[in-house]
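Enquirer: Just dropping this structure here.
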Amino acid sequence: MSDGELILVVGALLVAALGASLAASRLRVPALLLFLGLGMAVGSDGAGWIHFDDYSLARRIGAIALALILFDGGLSASFKELRDVMGPALRLAFGGTIITALVTGLAATAFFGLPLLHGLLLGSILASTDSAAVFGLLRGTSLRRRVRLTLEGEAGFNDPVAVLLVLGFLEWIHNPGYGMLNMVVLFVREMSSGAVCGFVVGRLAVWALSRSRLSTAGLYPVASCAAAALAFGLAETLGGSGFLAVYIAGLLLGGSAIPAKQTIATFHEGLAWIAQIALFLTLGLLVFPSQLGSAVGPGLVLALVLALFARPLATLLVTAGDRFGAGERLVLAWAGLRGAVPVVLATFAVTSHTAGSLSFFNIVFFTVLVSTLVQGTTLEPLARAFGLTSRQPPLPRPITEFGTIGRLGAQVMEYPVRSSDSVVGLRVRDLGLPHDATLNVIVRGDEAVAPRGSTQIAAGDTLHLLARDEVAGGVRTLLERWRGEGTMETHSDGAHAATDYLFTEPWTAAHGDPRDPELVAGVPVVQVVQARHDVGGALVLLEDGRAAVTGSTVVAGPAELVGRYARRRFSSARDAGEELWWRQVAAALPG
């Protein structure tokens, strides 16, 4: 095949995959199912256009694709977003995966007469929920936020667990001297090394991107790709879990205020889609439908065991101490989708020349088809039946960037107003926007409305807001509150009690003496660190742990964010006195 023909084939397959994605949305079936079908259709047992039986290459494609998908999954979330569900998500990812592997493996041993280690190997291959399937399905549903985030967190963290189980049992099968203690050592070493590598690379990437201003926005995705590759490659080279490392690095970047964040997120979302398409097409090509006949019975049995017994039992045991209702637990159990990960793990057995591995591959593939088709198409109706869906689509990612605004430390947010949003009917002056955020324009139908204080917000409007980076976190929290997906306590004077973003407002005489304030944003001052005497102002510490700078404007937030704000202010100071003051503030704070 010439270079031109190869590129033509790739283009044709991508066009077909786009068509399959559109068809999947109309048929209400997971797109990955049609991607698999497309691969089978053009493979050796289908049209015969492409002959592919290289399990080693498929394993390598799978590893790269899963790394890209996990990195995008991390970017789309953050540790902050997952904080409230981190406990149950990790218990499902670790304990739930191990319990599912053991129960499924024992069932395979009992039903099919397999040796115990081979049965546990098959159970381990099928134990992991699939990140590509879960991310793709959940982001197109209106599943309640807490359940959705729990499932996304589990899908991001459980791939490394399943990989380690599979590698451990493969080693045990081929080396009788290997044992449970060796598997525990392998597990601890790989998970700890992967976590450390992901954290170190992620933090370094955040530090580097926050302090750099690249010449063009197109270079920022290059930098993020470098971070993903370094996290995965470093962990794997040091004997750790590259999948865990790349997911943690993505979470750290996703939760940080880095330049061109939306550019990076959009790029990796597209890259993840390419990875999913390539992965599922490759796995579809690898399957010979004529060989699946013998796998139908075992595959159907294991699919039933997983969906009706192993996954529900694991979910019930590991979430027993969590505040989930019966309906939530049932949805968590039913959402254990199998996808590309088990099929990729089955190639590990084939490439290691394990006895019976080819039949394992076909059984796993058929089990995945059943799981995807049945559970993937019934998850949202089941959640709706238990009242676990919201009436509106999930809150869209609001941050976008235009021209030089991102380089100047500001962001433009686009918010579509739904009929059930709390801002419907409010006037612009009553929206409660922070001091450093403003509503630029309201798009109403085919018209652009210039907002005035008395302008009322209507359902169907699209609000375009401009916010400085320092208050962007507060604006995002406010948007979630408008949509009814977040809560934010307020003090008696209306000041926001959230402590993870900068709060700014003009200082007035009613607030007291800015050199020695008693309250800032409704929170008591516990220490005056430094006072400014030329025009009046102070750097203070608040009772809730935040730092604040008073003066003509009060700025309050985490010390690191206030420190960054101070460095930005002294670089654009209007006179020597202002520059000296902000340098003193920056020197006294971290960040």
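Every chain in the structure tokens has a letter given in the order shown (A, B, ...), and although residue numbers restart at 1 in each chain, ligands are simply numbered from 1 in the order shown.
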Give me the residues of region 37-94 of chain A that have any atom at most 6 Å from an atom of region 251-275 of chain A; for each, the nearest atom pair and the distance in Å, rounded to one decimal. Use only C-alpha atoms, sort by chain and number, and format it as a Markdown table.

Expert:
```
| residue | atom | partner | partner_atom | distance |
| --- | --- | --- | --- | --- |
| A:Ala65 | CA | A:Ala275 | CA | 4.7 |
| A:Leu68 | CA | A:Ala272 | CA | 5.7 |
| A:Ile69 | CA | A:Ala272 | CA | 4.9 |
| A:Asp72 | CA | A:His268 | CA | 5.6 |
| A:Gly74 | CA | A:Leu251 | CA | 4.1 |
| A:Leu75 | CA | A:Gly254 | CA | 4.0 |
| A:Ala77 | CA | A:Gly254 | CA | 5.8 |
| A:Ser78 | CA | A:Leu251 | CA | 4.4 |
| A:Phe79 | CA | A:Leu251 | CA | 5.9 |
```

Enquirer: With a distance cut-off of 9 Å and only C-alpha atoms, select the neighbouring residues of region 32-47 of chain A, excluding the residue or stretch itself and same-chain residues fewer than 2 positions from it, and output the selection as a PyMOL selection string.

Expert: chain A and resi 13+16-17+20-21+23-24+29-30+49-52+132-133+136+276-290+339-340+369+372-373

Enquirer: Compile the contact shell of Gly327 (chain A) as a list in words: residues with an atom at most 7 Å away, counting only C-alpha atoms, same-chain residues fewer than 3 positions apart removed.

Expert: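 My list of contacting residues is Leu330, Val331 and Phe386 of chain A.
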
Enquirer: If you take only C-alpha atoms and a cut-off of 12 Å, which residues of region 230-330 of chain A touch region 162-181 of chain A, and what are their nearest atom pairs and distances in Å to one decimal, in chain and number order, as JSON lines?

Expert:
```
{"residue": "A:Gly239", "atom": "CA", "partner": "A:Leu164", "partner_atom": "CA", "distance": 11.5}
{"residue": "A:Gly240", "atom": "CA", "partner": "A:Leu164", "partner_atom": "CA", "distance": 10.1}
{"residue": "A:Ser241", "atom": "CA", "partner": "A:Leu164", "partner_atom": "CA", "distance": 8.4}
{"residue": "A:Gly242", "atom": "CA", "partner": "A:Val163", "partner_atom": "CA", "distance": 10.5}
{"residue": "A:Phe243", "atom": "CA", "partner": "A:Val163", "partner_atom": "CA", "distance": 9.2}
{"residue": "A:Leu244", "atom": "CA", "partner": "A:Val163", "partner_atom": "CA", "distance": 10.5}
```

Enquirer: Write to file, as an mmCIF file, in the first residue's frame, the residues of the selection just made, with N, CA, C and O atoms.

Expert:
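Ended up saving to selection-v4.cif:
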```cif
data_model
loop_
_atom_site.group_PDB
_atom_site.id
_atom_site.type_symbol
_atom_site.label_atom_id
_atom_site.label_comp_id
_atom_site.auth_asym_id
_atom_site.auth_seq_id
_atom_site.Cartn_x
_atom_site.Cartn_y
_atom_site.Cartn_z
ATOM 1 N N GLY A 239 9.141 1.505 36.618
ATOM 2 C CA GLY A 239 8.417 0.348 37.134
ATOM 3 C C GLY A 239 7.100 0.678 37.791
ATOM 4 O O GLY A 239 6.584 -0.097 38.594
ATOM 5 N N GLY A 240 6.534 1.838 37.471
ATOM 6 C CA GLY A 240 5.255 2.233 38.036
ATOM 7 C C GLY A 240 4.130 2.110 37.025
ATOM 8 O O GLY A 240 4.326 1.655 35.890
ATOM 9 N N SER A 241 2.940 2.525 37.431
ATOM 10 C CA SER A 241 1.769 2.464 36.557
ATOM 11 C C SER A 241 1.666 3.750 35.750
ATOM 12 O O SER A 241 1.361 4.819 36.292
ATOM 13 N N GLY A 242 1.916 3.661 34.464
ATOM 14 C CA GLY A 242 1.802 4.822 33.596
ATOM 15 C C GLY A 242 0.378 5.322 33.488
ATOM 16 O O GLY A 242 0.144 6.533 33.367
ATOM 17 N N PHE A 243 -0.599 4.412 33.553
ATOM 18 C CA PHE A 243 -2.000 4.825 33.445
ATOM 19 C C PHE A 243 -2.407 5.666 34.650
ATOM 20 O O PHE A 243 -3.106 6.681 34.505
ATOM 21 N N LEU A 244 -1.988 5.267 35.843
ATOM 22 C CA LEU A 244 -2.295 6.065 37.025
ATOM 23 C C LEU A 244 -1.588 7.417 36.952
ATOM 24 O O LEU A 244 -2.177 8.457 37.261
#
```

Enquirer: Just give me the gap between CA of Leu82 (chain A) and CA of Arg476 (chain A) in Å, one decimal is fine.

Expert: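 Those two atoms sit 15.4 Å apart.
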